[in-house]
>>> print(open('upload.cif').read())   # mmCIF, C-alpha atoms and all ligand atoms
data_entry
#
loop_
_atom_site.group_PDB
_atom_site.id
_atom_site.type_symbol
_atom_site.label_atom_id
_atom_site.label_comp_id
_atom_site.auth_asym_id
_atom_site.auth_seq_id
_atom_site.Cartn_x
_atom_site.Cartn_y
_atom_site.Cartn_z
ATOM 1 C CA MET A 205 -18.054 16.740 7.168
ATOM 2 C CA THR A 206 -19.411 14.315 4.565
ATOM 3 C CA ARG A 207 -21.965 11.634 5.348
ATOM 4 C CA SER A 208 -19.108 9.139 5.832
ATOM 5 C CA GLY A 209 -17.827 11.352 8.641
ATOM 6 C CA LEU A 210 -14.814 12.496 6.627
ATOM 7 C CA ASP A 211 -13.768 16.102 6.345
ATOM 8 C CA ASP A 212 -14.240 17.323 2.749
ATOM 9 C CA SER A 213 -10.873 19.098 2.852
ATOM 10 C CA ALA A 214 -9.048 15.770 3.300
ATOM 11 C CA LEU A 215 -10.998 14.083 0.503
ATOM 12 C CA ARG A 216 -10.434 16.951 -1.950
ATOM 13 C CA HIS A 217 -6.732 16.740 -1.221
ATOM 14 C CA VAL A 218 -6.525 13.140 -2.475
ATOM 15 C CA ASP A 219 -9.085 13.349 -5.291
ATOM 16 C CA SER A 220 -6.713 12.976 -8.245
ATOM 17 C CA ILE A 221 -4.965 10.407 -10.418
ATOM 18 C CA TYR A 222 -1.980 10.537 -8.019
ATOM 19 C CA TYR A 223 -4.131 8.836 -5.349
ATOM 20 C CA ASP A 224 -5.765 6.380 -7.735
ATOM 21 C CA GLY A 225 -4.718 3.097 -6.102
ATOM 22 C CA ALA A 226 -3.866 1.246 -9.329
ATOM 23 C CA HIS A 227 -1.785 4.164 -10.659
ATOM 24 C CA TYR A 228 -0.083 4.623 -7.272
ATOM 25 C CA ASP A 229 1.034 0.983 -7.217
ATOM 26 C CA ARG A 230 2.549 1.119 -10.699
ATOM 27 C CA ARG A 231 4.281 4.425 -9.894
ATOM 28 C CA TYR A 232 5.801 3.077 -6.646
ATOM 29 C CA GLU A 233 6.451 -0.506 -7.838
ATOM 30 C CA THR A 234 10.209 -0.033 -7.643
ATOM 31 C CA TYR A 235 10.215 1.987 -4.390
ATOM 32 C CA THR A 236 11.091 -0.751 -1.915
ATOM 33 C CA ARG A 237 14.062 0.606 0.034
ATOM 34 C CA ASP A 238 12.045 1.315 3.212
ATOM 35 C CA ILE A 239 10.080 -1.959 3.452
ATOM 36 C CA GLU A 240 12.622 -3.993 5.439
ATOM 37 C CA PHE A 241 13.102 -1.127 7.919
ATOM 38 C CA TRP A 242 9.389 -1.084 8.773
ATOM 39 C CA CYS A 243 9.121 -4.895 8.878
ATOM 40 C CA ALA A 244 12.122 -5.047 11.244
ATOM 41 C CA LEU A 245 10.613 -2.351 13.470
ATOM 42 C CA ALA A 246 7.361 -4.347 13.593
ATOM 43 C CA ARG A 247 9.326 -7.483 14.567
ATOM 44 C CA SER A 248 10.924 -5.578 17.456
ATOM 45 C CA THR A 249 7.514 -4.645 18.952
ATOM 46 C CA ALA A 250 4.588 -6.662 20.277
ATOM 47 C CA GLY A 251 0.865 -6.456 19.575
ATOM 48 C CA PRO A 252 -1.152 -5.276 16.607
ATOM 49 C CA VAL A 253 0.152 -2.636 14.219
ATOM 50 C CA LEU A 254 -1.705 0.457 12.980
ATOM 51 C CA GLU A 255 -0.472 2.183 9.835
ATOM 52 C CA LEU A 256 -1.821 5.698 9.312
ATOM 53 C CA ALA A 257 -2.057 6.924 5.713
ATOM 54 C CA ALA A 258 -1.499 3.290 4.709
ATOM 55 C CA GLY A 259 -2.326 3.860 1.055
ATOM 56 C CA THR A 260 -2.477 0.666 -0.996
ATOM 57 C CA GLY A 261 -0.797 -1.432 1.699
ATOM 58 C CA ARG A 262 2.720 -1.142 0.246
ATOM 59 C CA LEU A 263 4.067 -1.455 3.828
ATOM 60 C CA ALA A 264 1.049 -2.778 5.766
ATOM 61 C CA LEU A 265 0.771 -5.923 3.629
ATOM 62 C CA PRO A 266 4.398 -7.124 4.011
ATOM 63 C CA ILE A 267 4.152 -6.483 7.773
ATOM 64 C CA ALA A 268 0.907 -8.471 7.941
ATOM 65 C CA GLU A 269 2.360 -11.242 5.761
ATOM 66 C CA SER A 270 5.149 -11.661 8.332
ATOM 67 C CA GLY A 271 2.461 -12.763 10.791
ATOM 68 C CA ARG A 272 1.317 -9.543 12.501
ATOM 69 C CA GLU A 273 -2.171 -8.178 12.704
ATOM 70 C CA VAL A 274 -2.251 -4.844 10.869
ATOM 71 C CA VAL A 275 -4.919 -2.163 10.517
ATOM 72 C CA GLY A 276 -4.367 0.349 7.719
ATOM 73 C CA LEU A 277 -6.216 3.666 7.746
ATOM 74 C CA ASP A 278 -6.309 5.999 4.750
ATOM 75 C CA VAL A 279 -8.548 8.843 3.671
ATOM 76 C CA ALA A 280 -8.549 7.970 -0.057
ATOM 77 C CA PRO A 281 -11.218 5.364 -0.890
ATOM 78 C CA SER A 282 -9.412 4.332 -4.093
ATOM 79 C CA MET A 283 -6.180 3.601 -2.183
ATOM 80 C CA VAL A 284 -8.071 1.578 0.443
ATOM 81 C CA ALA A 285 -9.932 -0.375 -2.260
ATOM 82 C CA GLN A 286 -6.622 -1.253 -3.940
ATOM 83 C CA ALA A 287 -5.164 -2.446 -0.605
ATOM 84 C CA GLN A 288 -8.224 -4.618 -0.039
ATOM 85 C CA ARG A 289 -7.898 -6.108 -3.550
ATOM 86 C CA LYS A 290 -4.252 -7.041 -2.912
ATOM 87 C CA ARG A 291 -4.797 -8.578 0.541
ATOM 88 C CA ARG A 292 -4.426 -12.371 0.534
ATOM 89 C CA PRO A 293 -7.350 -14.092 2.322
ATOM 90 C CA ALA A 294 -5.303 -15.557 5.202
ATOM 91 C CA THR A 295 -3.539 -12.253 5.964
ATOM 92 C CA ALA A 296 -4.558 -10.440 9.161
ATOM 93 C CA ALA A 297 -4.787 -7.018 7.526
ATOM 94 C CA THR A 298 -7.817 -4.730 7.624
ATOM 95 C CA PHE A 299 -8.032 -1.511 5.614
ATOM 96 C CA LEU A 300 -10.344 1.319 6.647
ATOM 97 C CA VAL A 301 -11.245 4.669 5.135
ATOM 98 C CA GLY A 302 -10.561 7.338 7.743
ATOM 99 C CA ASP A 303 -8.848 10.620 8.454
ATOM 100 C CA MET A 304 -5.625 10.380 10.462
ATOM 101 C CA ARG A 305 -6.416 13.754 12.043
ATOM 102 C CA HIS A 306 -9.561 12.428 13.723
ATOM 103 C CA PHE A 307 -9.819 8.707 14.311
ATOM 104 C CA ALA A 308 -11.197 6.573 17.130
ATOM 105 C CA LEU A 309 -10.770 2.835 16.615
ATOM 106 C CA GLU A 310 -11.802 1.798 20.145
ATOM 107 C CA ARG A 311 -8.634 -0.292 20.588
ATOM 108 C CA THR A 312 -4.919 0.119 21.176
ATOM 109 C CA PHE A 313 -1.800 -0.952 19.276
ATOM 110 C CA GLY A 314 1.765 -1.985 20.041
ATOM 111 C CA LEU A 315 3.085 -0.058 17.048
ATOM 112 C CA VAL A 316 1.661 2.885 15.096
ATOM 113 C CA ILE A 317 3.506 4.002 11.960
ATOM 114 C CA LEU A 318 3.179 7.048 9.724
ATOM 115 C CA ALA A 319 5.545 6.357 6.842
ATOM 116 C CA CYS A 320 6.626 7.598 3.414
ATOM 117 C CA SER A 321 6.532 11.285 4.424
ATOM 118 C CA SER A 322 2.745 11.036 4.864
ATOM 119 C CA VAL A 323 3.068 13.360 7.857
ATOM 120 C CA CYS A 324 3.432 16.111 5.222
ATOM 121 C CA HIS A 325 -0.319 15.738 4.603
ATOM 122 C CA LEU A 326 -0.828 17.380 7.997
ATOM 123 C CA LEU A 327 -0.982 20.911 6.658
ATOM 124 C CA THR A 328 -1.161 22.859 9.926
ATOM 125 C CA ASP A 329 0.191 22.536 13.459
ATOM 126 C CA ALA A 330 -3.417 21.994 14.590
ATOM 127 C CA ASP A 331 -3.789 19.027 12.198
ATOM 128 C CA ALA A 332 -0.502 17.525 13.395
ATOM 129 C CA ALA A 333 -1.440 18.059 17.049
ATOM 130 C CA SER A 334 -4.822 16.408 16.499
ATOM 131 C CA CYS A 335 -3.249 13.422 14.698
ATOM 132 C CA PHE A 336 -0.512 12.901 17.301
ATOM 133 C CA ALA A 337 -3.036 13.161 20.169
ATOM 134 C CA ALA A 338 -5.105 10.428 18.473
ATOM 135 C CA VAL A 339 -1.921 8.336 18.088
ATOM 136 C CA ALA A 340 -1.193 8.703 21.829
ATOM 137 C CA ARG A 341 -4.739 7.545 22.652
ATOM 138 C CA HIS A 342 -4.287 4.426 20.474
ATOM 139 C CA LEU A 343 -0.894 3.337 21.858
ATOM 140 C CA ARG A 344 -0.483 0.595 24.459
ATOM 141 C CA PRO A 345 1.561 1.693 27.498
ATOM 142 C CA ALA A 346 4.799 0.238 26.058
ATOM 143 C CA GLY A 347 3.777 1.004 22.474
ATOM 144 C CA VAL A 348 5.933 2.642 19.808
ATOM 145 C CA PHE A 349 5.034 5.384 17.327
ATOM 146 C CA ALA A 350 7.344 5.858 14.345
ATOM 147 C CA VAL A 351 7.281 8.482 11.628
ATOM 148 C CA ASP A 352 9.556 9.177 8.680
ATOM 149 C CA VAL A 353 9.738 12.395 6.721
ATOM 150 C CA ALA A 354 11.952 13.631 3.908
ATOM 151 C CA THR A 355 14.388 16.315 5.030
ATOM 152 C CA PRO A 356 12.862 19.650 3.892
ATOM 153 C CA HIS A 357 15.855 20.925 1.942
ATOM 154 C CA HIS A 358 15.922 17.739 -0.145
ATOM 155 C CA GLU A 359 12.249 18.117 -1.026
ATOM 156 C CA THR A 360 12.469 21.820 -1.828
ATOM 157 C CA ALA A 361 15.769 21.758 -3.758
ATOM 158 C CA THR A 362 13.946 21.649 -7.130
ATOM 159 C CA ALA A 363 11.058 23.931 -6.081
ATOM 160 C CA ASP A 364 11.954 26.629 -8.596
ATOM 161 C CA GLY A 365 8.622 26.724 -10.466
ATOM 162 C CA GLN A 366 10.205 25.241 -13.625
ATOM 163 C CA TRP A 367 8.338 22.511 -15.491
ATOM 164 C CA ARG A 368 10.459 19.382 -15.936
ATOM 165 C CA ASP A 369 10.029 15.666 -16.616
ATOM 166 C CA ARG A 370 9.256 14.048 -13.287
ATOM 167 C CA PHE A 371 8.479 10.337 -13.559
ATOM 168 C CA GLY A 372 6.868 7.632 -15.654
ATOM 169 C CA TYR A 373 5.335 4.212 -15.196
ATOM 170 C CA PRO A 374 3.242 1.665 -17.115
ATOM 171 C CA ASP A 375 -0.489 2.425 -17.260
ATOM 172 C CA PRO A 376 -2.215 -0.099 -14.957
ATOM 173 C CA ALA A 377 -4.973 -0.659 -17.535
ATOM 174 C CA THR A 378 -2.973 -1.001 -20.765
ATOM 175 C CA GLY A 379 0.726 -1.226 -19.874
ATOM 176 C CA ALA A 380 1.426 1.759 -22.170
ATOM 177 C CA ALA A 381 3.763 4.437 -20.836
ATOM 178 C CA VAL A 382 2.384 7.170 -18.569
ATOM 179 C CA THR A 383 4.694 10.183 -18.478
ATOM 180 C CA VAL A 384 4.468 12.945 -15.920
ATOM 181 C CA ARG A 385 5.809 16.480 -16.013
ATOM 182 C CA GLY A 386 5.694 18.739 -13.025
ATOM 183 C CA ARG A 387 6.710 21.920 -11.323
ATOM 184 C CA ARG A 388 7.304 22.541 -7.638
ATOM 185 C CA ARG A 389 6.786 25.775 -5.749
ATOM 186 C CA TYR A 390 7.748 26.386 -2.142
ATOM 187 C CA THR A 391 6.695 29.114 0.285
ATOM 188 C CA PRO A 392 9.174 29.199 3.191
ATOM 189 C CA GLU A 393 6.865 31.296 5.415
ATOM 190 C CA THR A 394 4.148 28.639 5.410
ATOM 191 C CA ARG A 395 6.455 25.662 4.697
ATOM 192 C CA MET A 396 4.013 24.621 1.969
ATOM 193 C CA LEU A 397 5.305 22.763 -1.069
ATOM 194 C CA VAL A 398 2.937 22.690 -4.053
ATOM 195 C CA ASP A 399 3.529 20.055 -6.700
ATOM 196 C CA ASP A 400 1.642 20.554 -9.976
ATOM 197 C CA LEU A 401 1.684 17.395 -12.078
ATOM 198 C CA GLU A 402 0.573 16.853 -15.689
ATOM 199 C CA TYR A 403 0.029 13.270 -16.807
ATOM 200 C CA THR A 404 0.127 12.110 -20.414
ATOM 201 C CA ILE A 405 -1.439 8.731 -20.927
ATOM 202 C CA ALA A 406 -1.371 6.719 -24.192
ATOM 203 C CA GLY A 407 -4.201 7.625 -26.535
ATOM 204 C CA GLY A 408 -3.752 11.330 -25.940
ATOM 205 C CA ARG A 409 -5.486 11.379 -22.561
ATOM 206 C CA THR A 410 -4.157 13.829 -20.011
ATOM 207 C CA ALA A 411 -4.801 14.381 -16.311
ATOM 208 C CA ARG A 412 -3.670 16.908 -13.747
ATOM 209 C CA ALA A 413 -2.971 16.602 -10.053
ATOM 210 C CA THR A 414 -1.889 19.129 -7.458
ATOM 211 C CA ARG A 415 -0.285 17.882 -4.265
ATOM 212 C CA THR A 416 0.169 20.221 -1.349
ATOM 213 C CA SER A 417 2.446 19.176 1.475
ATOM 214 C CA ARG A 418 3.975 20.808 4.513
ATOM 215 C CA MET A 419 7.647 20.458 5.322
ATOM 216 C CA TYR A 420 8.765 19.355 8.794
ATOM 217 C CA THR A 421 12.203 19.278 10.377
ATOM 218 C CA ALA A 422 12.864 16.683 13.064
ATOM 219 C CA ASP A 423 12.826 19.448 15.707
ATOM 220 C CA GLN A 424 9.459 20.780 14.546
ATOM 221 C CA LEU A 425 8.041 17.268 14.710
ATOM 222 C CA ALA A 426 9.562 16.610 18.126
ATOM 223 C CA ASP A 427 7.864 19.744 19.516
ATOM 224 C CA LEU A 428 4.481 18.714 18.141
ATOM 225 C CA LEU A 429 4.951 15.157 19.395
ATOM 226 C CA ASP A 430 5.882 16.445 22.830
ATOM 227 C CA GLY A 431 2.666 18.493 22.912
ATOM 228 C CA ALA A 432 0.728 15.253 22.378
ATOM 229 C CA GLY A 433 2.615 13.417 25.140
ATOM 230 C CA LEU A 434 4.961 11.519 22.811
ATOM 231 C CA ARG A 435 8.715 11.462 23.402
ATOM 232 C CA VAL A 436 11.337 10.850 20.710
ATOM 233 C CA ASP A 437 13.512 7.980 22.000
ATOM 234 C CA ARG A 438 15.789 7.606 18.990
ATOM 235 C CA SER A 439 16.137 8.840 15.467
ATOM 236 C CA TYR A 440 17.812 7.808 12.222
ATOM 237 C CA GLY A 441 18.951 9.537 9.068
ATOM 238 C CA GLY A 442 18.060 6.681 6.720
ATOM 239 C CA PHE A 443 16.421 3.275 6.389
ATOM 240 C CA ASP A 444 19.797 1.600 6.828
ATOM 241 C CA GLY A 445 19.798 2.869 10.424
ATOM 242 C CA ARG A 446 22.467 5.561 9.903
ATOM 243 C CA PRO A 447 22.523 8.383 12.466
ATOM 244 C CA PRO A 448 20.655 11.603 11.665
ATOM 245 C CA SER A 449 22.710 14.317 9.961
ATOM 246 C CA ALA A 450 22.157 17.652 8.238
ATOM 247 C CA ASP A 451 22.607 16.154 4.769
ATOM 248 C CA ALA A 452 20.493 13.025 5.356
ATOM 249 C CA GLN A 453 17.599 12.689 2.902
ATOM 250 C CA THR A 454 15.277 11.153 5.475
ATOM 251 C CA GLN A 455 14.455 11.740 9.121
ATOM 252 C CA ILE A 456 13.005 8.837 11.105
ATOM 253 C CA LEU A 457 11.736 9.362 14.664
ATOM 254 C CA ILE A 458 10.925 6.472 17.015
ATOM 255 C CA CYS A 459 8.697 7.581 19.910
ATOM 256 C CA SER A 460 6.937 6.332 23.010
ATOM 257 C CA LEU A 461 4.394 7.691 25.460
ATOM 258 C CA GLY A 462 5.939 10.240 27.829
ATOM 259 C CA ARG A 463 7.325 13.734 27.920
ATOM 260 C CA ALA A 464 10.809 14.617 26.685
ATOM 261 C CA ALA A 465 13.286 15.681 29.373
ATOM 262 C CA ARG A 466 13.883 19.369 28.559
ATOM 263 C CA GLY A 467 16.882 21.427 29.581
ATOM 264 C CA SER A 468 16.079 24.400 31.859
HETATM 265 C C1 LIG A 501 2.702 9.037 0.038
HETATM 266 S S1 LIG A 501 1.225 8.107 0.278
HETATM 267 C C2 LIG A 501 1.858 6.834 1.363
HETATM 268 C C3 LIG A 501 1.074 5.550 1.327
HETATM 269 C C4 LIG A 501 1.731 4.376 2.057
HETATM 270 N N1 LIG A 501 1.984 4.669 3.460
HETATM 271 C C5 LIG A 501 3.039 3.980 1.390
HETATM 272 O O1 LIG A 501 4.064 3.967 2.082
HETATM 273 O O2 LIG A 501 3.023 3.661 0.197
HETATM 274 C C6 LIG A 501 0.317 9.174 1.373
HETATM 275 C C7 LIG A 501 -1.054 8.638 1.761
HETATM 276 O O3 LIG A 501 -1.621 9.549 2.729
HETATM 277 C C8 LIG A 501 -3.019 9.523 2.556
HETATM 278 N N2 LIG A 501 -3.622 10.648 3.273
HETATM 279 C C9 LIG A 501 -3.542 11.970 2.980
HETATM 280 N N3 LIG A 501 -4.202 12.703 3.902
HETATM 281 C C10 LIG A 501 -4.688 11.825 4.812
HETATM 282 C C11 LIG A 501 -5.453 11.959 6.001
HETATM 283 N N4 LIG A 501 -5.840 13.173 6.445
HETATM 284 N N5 LIG A 501 -5.774 10.855 6.694
HETATM 285 C C12 LIG A 501 -5.406 9.615 6.247
HETATM 286 N N6 LIG A 501 -4.700 9.423 5.110
HETATM 287 C C13 LIG A 501 -4.324 10.510 4.410
HETATM 288 C C14 LIG A 501 -3.181 9.533 1.043
HETATM 289 O O4 LIG A 501 -4.467 9.124 0.656
HETATM 290 C C15 LIG A 501 -2.071 8.567 0.633
HETATM 291 O O5 LIG A 501 -2.550 7.240 0.526
#
>>> encode(input="upload.cif", output="structure tokens", more="lines below")
Ligand SMILES: C[S@@+](CC[C@H](N)C(=O)[O-])C[C@H]1O[C@@H](n2cnc3c(N)ncnc32)[C@H](O)[C@@H]1O
Amino acid sequence: MTRSGLDDSALRHVDSIYYDGAHYDRRYETYTRDIEFWCALARSTAGPVLELAAGTGRLALPIAESGREVVGLDVAPSMVAQAQRKRRPATAATFLVGDMRHFALERTFGLVILACSSVCHLLTDADAASCFAAVARHLRPAGVFAVDVATPHHETATADGQWRDRFGYPDPATGAAVTVRGRRRYTPETRMLVDDLEYTIAGGRTARATRTSRMYTADQLADLLDGAGLRVDRSYGGFDGRPPSADAQTQILICSLGRAARGS
């Protein structure tokens, strides 16, 4: 543990240009397709909202701006600082540095969300179990927990170890183009996907980032949720509310406190 109470392993994981808040916002500026889904889910619940792995507030801020109190928790100080910079003064949004695997906020919420495949940062079953148990402790009796995760085969389809152009965006400092090449490698036995990224920034600067994530099917998540006393009430295969299917790119699980009814 560091002096701030955070586990070094979580901090190391996000210590790269990928989790620099200003770069993250420029990279994801055009990724908006999930925002209305999460705002609508917030409207359908009561009480304050907790977003785990809230990043720069891409989702937490629009939810708060619609009139809800939101707490955003994220382990990367640079992401939290960026969220705090963007927060308008009258908005009831608070951003905290913390680890979603071990948090104790001394209060409960009507809705807890873990969005944008951030569950993939839980690299072991023990990490997922610890996070989901903390979620259960922070939910009000009628509260809702919702998680989305990319369907594993969509994420791993290009995990062939080949370097290719991945994405680009304007540098937050200068507006000049940042271009990113990357390669993906996947180990089915551990379900670990490793993303090596090489950034080229105007002026000849370069940076590297390695992202490690763990793949989860909806069934694997449901088992871990069940172990933490959370039951999947409904699920979707996309942010337009379509039913889950084998070829869906996204899996969204909406849960409440309670055990799943299991067949004998
Ligand atoms: C893909 S980003 C999603 C950010 C935001 N939810 C969004 O939709 O834009 C994943 C976030 O998870 C955070 N993260 C990774 N491990 C974490 C942990 N153990 N506890 C809390 N946050 C974590 C990263 O710092 C990063 O901000």
>>> residues_around(input="upload.cif", residues="Arg463 (chain A)", least_positions_apart="6", cutoff="12 Å", atoms="only C-alpha atoms", output="ChimeraX atom specification")
/A:340,426-437
>>> residues_around(input="upload.cif", residues="region 272-277 of chain A", least_positions_apart="5", cutoff="9 Å", atoms="all atoms listed in the file", output="MDAnalysis selection string")
chainID A and resid 246:247 250:261 264:265 267 284 287 295:304
>>> resolve_selection(input="upload.cif", expression="the PyMOL selection byres (((chain A and resi 365) around 7) and not hetatm)", output="PyMOL selection string")
chain A and resi 363-364+366-367+387-389
>>> resolve_selection(input="upload.cif", expression="the PyMOL selection byres (((chain A and resi 356-358) around 7) and not hetatm)", output="ChimeraX atom specification")
/A:354-355,359-361,419-421,453
>>> write_last_selection(input="upload.cif", atoms="C-alpha atoms", output="mmCIF file, in the frame of the given file")
data_model
loop_
_atom_site.group_PDB
_atom_site.id
_atom_site.type_symbol
_atom_site.label_atom_id
_atom_site.label_comp_id
_atom_site.auth_asym_id
_atom_site.auth_seq_id
_atom_site.Cartn_x
_atom_site.Cartn_y
_atom_site.Cartn_z
ATOM 1 C CA ALA A 354 11.952 13.631 3.908
ATOM 2 C CA THR A 355 14.388 16.315 5.030
ATOM 3 C CA GLU A 359 12.249 18.117 -1.026
ATOM 4 C CA THR A 360 12.469 21.820 -1.828
ATOM 5 C CA ALA A 361 15.769 21.758 -3.758
ATOM 6 C CA MET A 419 7.647 20.458 5.322
ATOM 7 C CA TYR A 420 8.765 19.355 8.794
ATOM 8 C CA THR A 421 12.203 19.278 10.377
ATOM 9 C CA GLN A 453 17.599 12.689 2.902
#
>>> atom_distance(input="upload.cif", atom1="atom C1 of ligand LIG 501 (chain A)", atom2="CA of Arg262 (chain A)")
10.2 Å
>>> resolve_selection(input="upload.cif", expression="the PyMOL selection byres (((chain A and resi 319-323) around 7) and not hetatm)", output="VMD selection string")
chain A and resid 257 317 to 318 324 to 326 351 to 354
>>> closest_residue(input="upload.cif", among="A:Thr383, A:Gln424, A:Ser282, A:Thr414", to="ligand LIG 501 (chain A)", atoms="all atoms listed in the file")
A:Ser282
>>> closest_residue(input="upload.cif", among="A:Ala422, A:Leu401, A:Ala226, A:Val382", to="Gln286 (chain A)", atoms="all atoms listed in the file")
A:Ala226
>>> atom_distance(input="upload.cif", atom1="CA of Leu263 (chain A)", atom2="CA of Phe241 (chain A)")
9.9 Å
>>> closest_residue(input="upload.cif", among="A:Asp444, A:Asp224, A:Ala380, A:Arg412", to="Ala285 (chain A)", atoms="all atoms listed in the file")
A:Asp224
>>> axis_aligned_box(input="upload.cif", around="ligand LIG 501 (chain A)", padding_each_side="3 Å", output="JSON")
{"center_x": -0.9, "center_y": 8.4, "center_z": 3.4, "size_x": 15.9, "size_y": 15.5, "size_z": 12.7}
